[in-house]
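Text of entry-v3.cif, listed as mmCIF, N, CA and C atoms:
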```
data_target
loop_
_atom_site.label_atom_id
_atom_site.label_comp_id
_atom_site.auth_asym_id
_atom_site.auth_seq_id
_atom_site.Cartn_x
_atom_site.Cartn_y
_atom_site.Cartn_z
N MET A 1 57.69 -20.15 5.41
CA MET A 1 58.35 -21.42 5.64
C MET A 1 58.54 -21.61 7.15
N ALA A 2 58.08 -22.72 7.66
CA ALA A 2 58.19 -23.01 9.09
C ALA A 2 59.63 -23.39 9.42
N ALA A 3 60.10 -22.88 10.55
CA ALA A 3 61.46 -23.18 10.99
C ALA A 3 61.52 -24.61 11.52
N LYS A 4 62.55 -25.32 11.13
CA LYS A 4 62.76 -26.66 11.64
C LYS A 4 63.52 -26.56 12.96
N SER A 5 63.37 -27.56 13.77
CA SER A 5 64.12 -27.61 15.03
C SER A 5 65.57 -27.95 14.74
N LEU A 6 66.43 -27.56 15.66
CA LEU A 6 67.83 -27.95 15.56
C LEU A 6 67.97 -29.41 15.95
N THR A 7 68.90 -30.09 15.30
CA THR A 7 69.18 -31.47 15.67
C THR A 7 69.91 -31.46 17.01
N PRO A 8 69.99 -32.59 17.70
CA PRO A 8 70.75 -32.64 18.95
C PRO A 8 72.20 -32.19 18.77
N GLN A 9 72.83 -32.59 17.67
CA GLN A 9 74.21 -32.16 17.42
C GLN A 9 74.30 -30.66 17.21
N GLU A 10 73.37 -30.09 16.44
CA GLU A 10 73.36 -28.64 16.21
C GLU A 10 73.14 -27.89 17.51
N LEU A 11 72.28 -28.41 18.38
CA LEU A 11 72.06 -27.79 19.69
C LEU A 11 73.33 -27.82 20.53
N ARG A 12 74.05 -28.95 20.49
CA ARG A 12 75.32 -29.05 21.25
C ARG A 12 76.35 -28.04 20.73
N ILE A 13 76.44 -27.91 19.41
CA ILE A 13 77.39 -26.97 18.81
C ILE A 13 77.03 -25.54 19.21
N TRP A 14 75.76 -25.18 19.07
CA TRP A 14 75.30 -23.84 19.42
C TRP A 14 75.53 -23.56 20.90
N GLY A 15 75.18 -24.52 21.74
CA GLY A 15 75.37 -24.35 23.19
C GLY A 15 76.84 -24.20 23.55
N ALA A 16 77.70 -25.00 22.92
CA ALA A 16 79.14 -24.90 23.20
C ALA A 16 79.68 -23.53 22.81
N PHE A 17 79.23 -23.03 21.65
CA PHE A 17 79.66 -21.71 21.18
C PHE A 17 79.24 -20.62 22.17
N GLN A 18 77.97 -20.66 22.59
CA GLN A 18 77.48 -19.66 23.54
C GLN A 18 78.20 -19.77 24.88
N ASP A 19 78.31 -20.99 25.39
CA ASP A 19 78.94 -21.20 26.70
C ASP A 19 80.39 -20.74 26.71
N MET A 20 81.12 -21.01 25.64
CA MET A 20 82.53 -20.62 25.56
C MET A 20 82.68 -19.11 25.72
N GLY A 21 81.92 -18.36 24.93
CA GLY A 21 82.02 -16.90 25.00
C GLY A 21 81.59 -16.35 26.34
N GLU A 22 80.46 -16.84 26.85
CA GLU A 22 79.96 -16.35 28.14
C GLU A 22 80.91 -16.69 29.27
N ASP A 23 81.46 -17.90 29.25
CA ASP A 23 82.37 -18.32 30.31
C ASP A 23 83.64 -17.47 30.34
N ILE A 24 84.25 -17.29 29.19
CA ILE A 24 85.50 -16.52 29.14
C ILE A 24 85.24 -15.06 29.47
N ARG A 25 84.18 -14.47 28.89
CA ARG A 25 83.85 -13.08 29.21
C ARG A 25 83.57 -12.92 30.70
N GLY A 26 82.89 -13.90 31.28
CA GLY A 26 82.59 -13.85 32.71
C GLY A 26 83.85 -13.88 33.57
N ARG A 27 84.79 -14.75 33.23
CA ARG A 27 86.04 -14.83 34.00
C ARG A 27 86.84 -13.54 33.88
N VAL A 28 86.96 -13.04 32.66
CA VAL A 28 87.72 -11.79 32.45
C VAL A 28 87.02 -10.63 33.17
N GLY A 29 85.70 -10.57 33.06
CA GLY A 29 84.95 -9.52 33.74
C GLY A 29 85.12 -9.58 35.26
N ARG A 30 85.10 -10.78 35.82
CA ARG A 30 85.30 -10.91 37.28
C ARG A 30 86.70 -10.45 37.69
N ASP A 31 87.69 -10.81 36.88
CA ASP A 31 89.06 -10.38 37.20
C ASP A 31 89.16 -8.86 37.19
N ILE A 32 88.57 -8.23 36.19
CA ILE A 32 88.60 -6.76 36.09
C ILE A 32 87.85 -6.15 37.27
N SER A 33 86.68 -6.67 37.57
CA SER A 33 85.86 -6.14 38.66
C SER A 33 86.56 -6.27 40.01
N GLU A 34 87.13 -7.44 40.26
CA GLU A 34 87.83 -7.65 41.53
C GLU A 34 89.03 -6.73 41.69
N ALA A 35 89.73 -6.45 40.59
CA ALA A 35 90.94 -5.62 40.66
C ALA A 35 90.64 -4.12 40.66
N THR A 36 89.54 -3.71 40.01
CA THR A 36 89.33 -2.27 39.81
C THR A 36 87.98 -1.76 40.28
N GLY A 37 87.02 -2.65 40.48
CA GLY A 37 85.66 -2.23 40.83
C GLY A 37 84.82 -1.88 39.63
N LEU A 38 85.36 -1.98 38.41
CA LEU A 38 84.60 -1.70 37.20
C LEU A 38 83.78 -2.93 36.81
N SER A 39 82.54 -2.70 36.41
CA SER A 39 81.75 -3.80 35.86
C SER A 39 82.19 -4.03 34.41
N GLY A 40 81.77 -5.16 33.85
CA GLY A 40 82.07 -5.43 32.45
C GLY A 40 81.55 -4.36 31.52
N PRO A 41 80.28 -3.95 31.67
CA PRO A 41 79.77 -2.88 30.80
C PRO A 41 80.52 -1.55 30.98
N GLU A 42 80.90 -1.23 32.20
CA GLU A 42 81.66 0.01 32.42
C GLU A 42 83.00 -0.05 31.70
N PHE A 43 83.69 -1.19 31.83
CA PHE A 43 84.95 -1.35 31.13
C PHE A 43 84.75 -1.23 29.62
N GLY A 44 83.67 -1.85 29.11
CA GLY A 44 83.39 -1.78 27.68
C GLY A 44 83.20 -0.36 27.19
N VAL A 45 82.46 0.44 27.94
CA VAL A 45 82.24 1.84 27.55
C VAL A 45 83.55 2.61 27.60
N LEU A 46 84.28 2.50 28.71
CA LEU A 46 85.52 3.27 28.86
C LEU A 46 86.54 2.88 27.79
N SER A 47 86.68 1.59 27.53
CA SER A 47 87.69 1.16 26.56
C SER A 47 87.32 1.60 25.15
N ARG A 48 86.05 1.63 24.84
CA ARG A 48 85.65 2.08 23.51
C ARG A 48 85.77 3.60 23.36
N LEU A 49 85.52 4.33 24.43
CA LEU A 49 85.72 5.78 24.36
C LEU A 49 87.17 6.10 24.01
N VAL A 50 88.10 5.35 24.57
CA VAL A 50 89.51 5.58 24.28
C VAL A 50 89.90 4.97 22.93
N GLY A 51 89.46 3.74 22.69
CA GLY A 51 89.88 3.03 21.48
C GLY A 51 89.31 3.59 20.19
N PHE A 52 88.07 4.08 20.23
CA PHE A 52 87.43 4.57 19.02
C PHE A 52 87.29 6.08 18.99
N GLY A 53 87.37 6.73 20.15
CA GLY A 53 87.07 8.15 20.18
C GLY A 53 88.08 9.03 20.85
N ASN A 54 89.26 8.49 21.15
CA ASN A 54 90.30 9.30 21.79
C ASN A 54 89.80 9.97 23.07
N GLY A 55 88.95 9.25 23.81
CA GLY A 55 88.48 9.76 25.10
C GLY A 55 87.09 10.37 25.09
N GLU A 56 86.52 10.61 23.91
CA GLU A 56 85.16 11.11 23.84
C GLU A 56 84.52 10.72 22.52
N MET A 57 83.20 10.56 22.57
CA MET A 57 82.42 10.18 21.39
C MET A 57 81.01 10.71 21.52
N ARG A 58 80.37 10.87 20.39
CA ARG A 58 78.93 11.15 20.40
C ARG A 58 78.22 9.91 20.92
N GLN A 59 77.18 10.12 21.71
CA GLN A 59 76.46 9.00 22.32
C GLN A 59 75.92 8.05 21.25
N GLN A 60 75.41 8.58 20.17
CA GLN A 60 74.86 7.76 19.10
C GLN A 60 75.94 6.86 18.49
N GLU A 61 77.12 7.39 18.29
CA GLU A 61 78.23 6.61 17.73
C GLU A 61 78.68 5.54 18.72
N LEU A 62 78.70 5.89 20.01
CA LEU A 62 79.08 4.91 21.03
C LEU A 62 78.08 3.75 21.04
N ALA A 63 76.80 4.04 20.91
CA ALA A 63 75.78 2.98 20.87
C ALA A 63 76.03 2.07 19.66
N ARG A 64 76.38 2.65 18.54
CA ARG A 64 76.65 1.85 17.34
C ARG A 64 77.87 0.96 17.54
N VAL A 65 78.94 1.52 18.08
CA VAL A 65 80.17 0.76 18.30
C VAL A 65 79.96 -0.37 19.31
N MET A 66 79.16 -0.10 20.33
CA MET A 66 78.91 -1.10 21.37
C MET A 66 77.85 -2.12 20.93
N LYS A 67 77.12 -1.78 19.84
CA LYS A 67 76.02 -2.63 19.36
C LYS A 67 74.93 -2.75 20.42
N TRP A 68 74.67 -1.63 21.09
CA TRP A 68 73.64 -1.54 22.13
C TRP A 68 72.51 -0.64 21.64
N GLU A 69 71.32 -0.90 22.16
CA GLU A 69 70.21 0.01 21.91
C GLU A 69 70.43 1.29 22.70
N LYS A 70 69.85 2.39 22.20
CA LYS A 70 70.05 3.69 22.84
C LYS A 70 69.63 3.70 24.29
N SER A 71 68.51 3.05 24.62
CA SER A 71 68.02 3.07 26.00
C SER A 71 68.96 2.33 26.94
N ARG A 72 69.48 1.19 26.49
CA ARG A 72 70.43 0.45 27.33
C ARG A 72 71.66 1.30 27.62
N LEU A 73 72.21 1.91 26.56
CA LEU A 73 73.39 2.75 26.75
C LEU A 73 73.09 3.93 27.64
N SER A 74 71.95 4.56 27.46
CA SER A 74 71.59 5.72 28.27
C SER A 74 71.55 5.37 29.76
N HIS A 75 70.94 4.24 30.08
CA HIS A 75 70.89 3.80 31.49
C HIS A 75 72.29 3.52 32.03
N GLN A 76 73.11 2.87 31.21
CA GLN A 76 74.49 2.57 31.64
C GLN A 76 75.27 3.86 31.86
N LEU A 77 75.12 4.81 30.96
CA LEU A 77 75.85 6.08 31.09
C LEU A 77 75.39 6.86 32.31
N THR A 78 74.12 6.79 32.65
CA THR A 78 73.63 7.46 33.86
C THR A 78 74.32 6.89 35.09
N ARG A 79 74.42 5.57 35.16
CA ARG A 79 75.11 4.94 36.30
C ARG A 79 76.58 5.34 36.33
N MET A 80 77.20 5.39 35.17
CA MET A 80 78.62 5.74 35.11
C MET A 80 78.85 7.22 35.43
N GLU A 81 77.91 8.05 35.03
CA GLU A 81 78.00 9.48 35.36
C GLU A 81 77.86 9.67 36.87
N ASP A 82 76.95 8.90 37.50
CA ASP A 82 76.79 8.95 38.95
C ASP A 82 78.06 8.53 39.68
N ARG A 83 78.82 7.62 39.07
CA ARG A 83 80.08 7.16 39.66
C ARG A 83 81.26 8.03 39.25
N ARG A 84 80.98 9.07 38.45
CA ARG A 84 81.97 10.03 37.98
C ARG A 84 83.04 9.40 37.07
N LEU A 85 82.63 8.38 36.31
CA LEU A 85 83.53 7.74 35.36
C LEU A 85 83.49 8.43 34.00
N ILE A 86 82.34 9.03 33.68
CA ILE A 86 82.17 9.72 32.40
C ILE A 86 81.43 11.03 32.65
N LYS A 87 81.47 11.90 31.65
CA LYS A 87 80.67 13.13 31.69
C LYS A 87 79.92 13.22 30.37
N ARG A 88 78.74 13.85 30.43
CA ARG A 88 77.94 14.08 29.22
C ARG A 88 77.85 15.57 28.98
N GLU A 89 78.05 15.95 27.74
CA GLU A 89 77.92 17.35 27.35
C GLU A 89 77.18 17.39 26.02
N THR A 90 76.56 18.52 25.74
CA THR A 90 75.89 18.71 24.47
C THR A 90 76.75 19.60 23.60
N ALA A 91 76.98 19.15 22.38
CA ALA A 91 77.76 19.93 21.42
C ALA A 91 77.12 19.78 20.04
N ASP A 92 76.81 20.88 19.42
CA ASP A 92 76.20 20.88 18.08
C ASP A 92 74.95 20.00 18.03
N GLY A 93 74.15 20.04 19.08
CA GLY A 93 72.91 19.30 19.12
C GLY A 93 73.04 17.82 19.41
N ALA A 94 74.25 17.36 19.68
CA ALA A 94 74.48 15.94 19.97
C ALA A 94 75.04 15.79 21.39
N VAL A 95 74.74 14.67 22.00
CA VAL A 95 75.29 14.37 23.31
C VAL A 95 76.66 13.74 23.11
N VAL A 96 77.66 14.32 23.75
CA VAL A 96 79.03 13.82 23.66
C VAL A 96 79.42 13.24 25.01
N ILE A 97 79.94 12.02 24.99
CA ILE A 97 80.36 11.32 26.19
C ILE A 97 81.88 11.43 26.29
N GLY A 98 82.35 11.84 27.45
CA GLY A 98 83.79 11.97 27.65
C GLY A 98 84.25 11.26 28.91
N LEU A 99 85.47 10.82 28.88
CA LEU A 99 86.10 10.18 30.03
C LEU A 99 86.45 11.25 31.06
N THR A 100 86.20 10.95 32.31
CA THR A 100 86.66 11.84 33.39
C THR A 100 88.05 11.38 33.82
N LYS A 101 88.66 12.15 34.69
CA LYS A 101 89.97 11.75 35.23
C LYS A 101 89.87 10.41 35.95
N LEU A 102 88.80 10.22 36.74
CA LEU A 102 88.61 8.96 37.44
C LEU A 102 88.37 7.82 36.45
N GLY A 103 87.57 8.06 35.42
CA GLY A 103 87.32 7.05 34.40
C GLY A 103 88.61 6.63 33.71
N HIS A 104 89.45 7.60 33.38
CA HIS A 104 90.74 7.31 32.75
C HIS A 104 91.62 6.51 33.70
N GLN A 105 91.63 6.88 34.97
CA GLN A 105 92.44 6.18 35.97
C GLN A 105 91.99 4.72 36.10
N LYS A 106 90.67 4.50 36.19
CA LYS A 106 90.14 3.15 36.33
C LYS A 106 90.44 2.31 35.08
N LEU A 107 90.32 2.91 33.90
CA LEU A 107 90.63 2.19 32.68
C LEU A 107 92.11 1.83 32.63
N THR A 108 92.96 2.75 33.03
CA THR A 108 94.40 2.49 33.05
C THR A 108 94.73 1.33 34.00
N GLU A 109 94.03 1.25 35.12
CA GLU A 109 94.22 0.13 36.06
C GLU A 109 93.71 -1.18 35.46
N ALA A 110 92.63 -1.10 34.69
CA ALA A 110 91.97 -2.31 34.19
C ALA A 110 92.65 -2.93 32.97
N LEU A 111 93.29 -2.14 32.14
CA LEU A 111 93.85 -2.67 30.90
C LEU A 111 94.86 -3.79 31.12
N PRO A 112 95.83 -3.65 32.03
CA PRO A 112 96.75 -4.78 32.23
C PRO A 112 96.07 -5.99 32.87
N VAL A 113 95.05 -5.76 33.66
CA VAL A 113 94.29 -6.87 34.25
C VAL A 113 93.59 -7.64 33.14
N ARG A 114 92.97 -6.91 32.22
CA ARG A 114 92.31 -7.56 31.08
C ARG A 114 93.32 -8.37 30.27
N ALA A 115 94.47 -7.76 29.98
CA ALA A 115 95.47 -8.45 29.16
C ALA A 115 95.90 -9.76 29.81
N GLU A 116 96.20 -9.72 31.08
CA GLU A 116 96.63 -10.93 31.79
C GLU A 116 95.51 -11.96 31.83
N SER A 117 94.30 -11.50 32.07
CA SER A 117 93.16 -12.39 32.19
C SER A 117 92.82 -13.05 30.86
N VAL A 118 92.83 -12.30 29.78
CA VAL A 118 92.54 -12.86 28.46
C VAL A 118 93.59 -13.91 28.11
N LYS A 119 94.83 -13.62 28.41
CA LYS A 119 95.89 -14.60 28.13
C LYS A 119 95.69 -15.85 28.97
N ARG A 120 95.45 -15.69 30.26
CA ARG A 120 95.33 -16.84 31.17
C ARG A 120 94.10 -17.69 30.87
N HIS A 121 92.96 -17.05 30.66
CA HIS A 121 91.72 -17.80 30.49
C HIS A 121 91.44 -18.23 29.05
N PHE A 122 92.20 -17.68 28.10
CA PHE A 122 91.86 -17.94 26.70
C PHE A 122 93.09 -18.27 25.85
N LEU A 123 93.92 -17.29 25.59
CA LEU A 123 94.97 -17.44 24.59
C LEU A 123 96.01 -18.50 24.95
N LEU A 124 96.45 -18.56 26.20
CA LEU A 124 97.49 -19.51 26.58
C LEU A 124 96.98 -20.95 26.67
N ARG A 125 95.68 -21.12 26.57
CA ARG A 125 95.10 -22.46 26.62
C ARG A 125 94.92 -23.06 25.22
N LEU A 126 95.26 -22.29 24.20
CA LEU A 126 95.06 -22.71 22.81
C LEU A 126 96.38 -22.82 22.07
N THR A 127 96.40 -23.69 21.07
CA THR A 127 97.55 -23.75 20.17
C THR A 127 97.39 -22.65 19.12
N GLN A 128 98.45 -22.38 18.39
CA GLN A 128 98.36 -21.38 17.33
C GLN A 128 97.38 -21.82 16.26
N ASP A 129 97.33 -23.12 15.96
CA ASP A 129 96.37 -23.61 14.98
C ASP A 129 94.93 -23.38 15.44
N GLN A 130 94.67 -23.57 16.73
CA GLN A 130 93.32 -23.33 17.27
C GLN A 130 92.96 -21.85 17.20
N ILE A 131 93.92 -20.99 17.50
CA ILE A 131 93.70 -19.55 17.40
C ILE A 131 93.41 -19.16 15.96
N ASP A 132 94.18 -19.72 15.02
CA ASP A 132 93.96 -19.44 13.60
C ASP A 132 92.55 -19.89 13.17
N THR A 133 92.10 -21.03 13.68
CA THR A 133 90.77 -21.52 13.35
C THR A 133 89.69 -20.59 13.89
N ILE A 134 89.87 -20.12 15.12
CA ILE A 134 88.90 -19.17 15.70
C ILE A 134 88.84 -17.90 14.84
N MET A 135 89.98 -17.41 14.42
CA MET A 135 90.00 -16.21 13.59
C MET A 135 89.33 -16.46 12.24
N LEU A 136 89.53 -17.62 11.67
CA LEU A 136 88.89 -17.96 10.40
C LEU A 136 87.37 -18.03 10.57
N VAL A 137 86.91 -18.72 11.59
CA VAL A 137 85.48 -18.84 11.84
C VAL A 137 84.88 -17.46 12.12
N SER A 138 85.56 -16.64 12.90
CA SER A 138 85.07 -15.29 13.18
C SER A 138 84.91 -14.50 11.89
N SER A 139 85.88 -14.61 11.01
CA SER A 139 85.82 -13.91 9.73
C SER A 139 84.65 -14.42 8.88
N LEU A 140 84.45 -15.73 8.88
CA LEU A 140 83.37 -16.31 8.08
C LEU A 140 82.00 -15.88 8.58
N LEU A 141 81.85 -15.69 9.90
CA LEU A 141 80.56 -15.37 10.49
C LEU A 141 80.31 -13.87 10.60
N SER A 142 81.32 -13.06 10.33
CA SER A 142 81.22 -11.62 10.47
C SER A 142 80.21 -11.03 9.50
N ASP A 143 79.46 -10.02 9.99
CA ASP A 143 78.51 -9.30 9.14
C ASP A 143 79.21 -8.57 8.01
N SER A 144 80.46 -8.21 8.22
CA SER A 144 81.17 -7.39 7.23
C SER A 144 81.78 -8.22 6.11
N SER A 145 81.68 -9.54 6.20
CA SER A 145 82.29 -10.36 5.13
C SER A 145 81.32 -10.63 4.01
#
```

Encoded form (structure tokens):
Amino acid sequence: MAAKSLTPQELRIWGAFQDMGEDIRGRVGRDISEATGLSGPEFGVLSRLVGFGNGEMRQQELARVMKWEKSRLSHQLTRMEDRRLIKRETADGAVVIGLTKLGHQKLTEALPVRAESVKRHFLLRLTQDQIDTIMLVSSLLSDSS
């Protein structure tokens, strides 16, 4: 079956959805970077190591949680290892990624920046009804539903 083109209205809806996420993520990422020197991907890795793995995770599990391909994650981890934000070790035949002291320090600096930035650029600009609608739409579009 040949795919039909999107209508002009469907294109506007899709574009608005993409632009909204990219714009807000970009603003929050810039705030974090300016305050701590962490890039968005670095913050994502560090926060997931703490949030999902108590400071360390198997590399394969981290790739799954981040929804990244193994090669992308591997390149990112190499850069982060060079900056001494994470360490890689082998345990039971698997590569385990752990937070370093510097990585923990940078994440600790970044978390309140993220909180303030998310509130300023996103949450405080919406009504509770709008937030509820976003949560409903997110649930409807989720792979797990």

What does the PyMOL selection byres (((chain A and resi 29 and name CA) around 10) and name CA) select in this file, as an MDAnalysis selection string? chainID A and resid 23:28 30:35 38:41 43:44 113:114 117:118

Atomic distance atom C of Thr100 in chain A - atom C of Glu61 in chain A, expressed in Å with one decimal: 18.7 Å

Atomic separation - CA of Glu69 in chain A relative to CA of Leu46 in chain A, Å: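 Going from CA of Leu46 in chain A over to CA of Glu69 in chain A covers 17.1 Å.
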
Separation of atom C of Arg83 in chain A from atom N of Leu102 in chain A in Å: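 Pair atom N of Leu102 in chain A / atom C of Arg83 in chain A returns 8.2 Å.
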
If you run DSSP on the backbone here, which positions in chain A get strand (DSSP E)? Please write them as a list in words. Glu56, Met57, Arg58, Ile86, Lys87, Arg88, Glu89, Thr90, Ala91, Ala94, Val95, Val96, Ile97, Gly98 and Leu99 of chain A

Selection dump of the PyMOL selection byres ((chain A and resi 98) around 8), as a ChimeraX atom specification: /A:49,54-59,85-89,95-97,99-101,103-104

Backbone-only DSSP, helix (DSSP H, G or I) members of chain A, as a ChimeraX atom specification: /A:8-36,40-53,59-66,70-82,101-121,123-125,128-141

With distances taken over all atoms listed in the file, the candidate from A:Asp92, A:Gln76, A:Asp132, A:Leu6 nearest Glu42 in chain A is A:Gln76
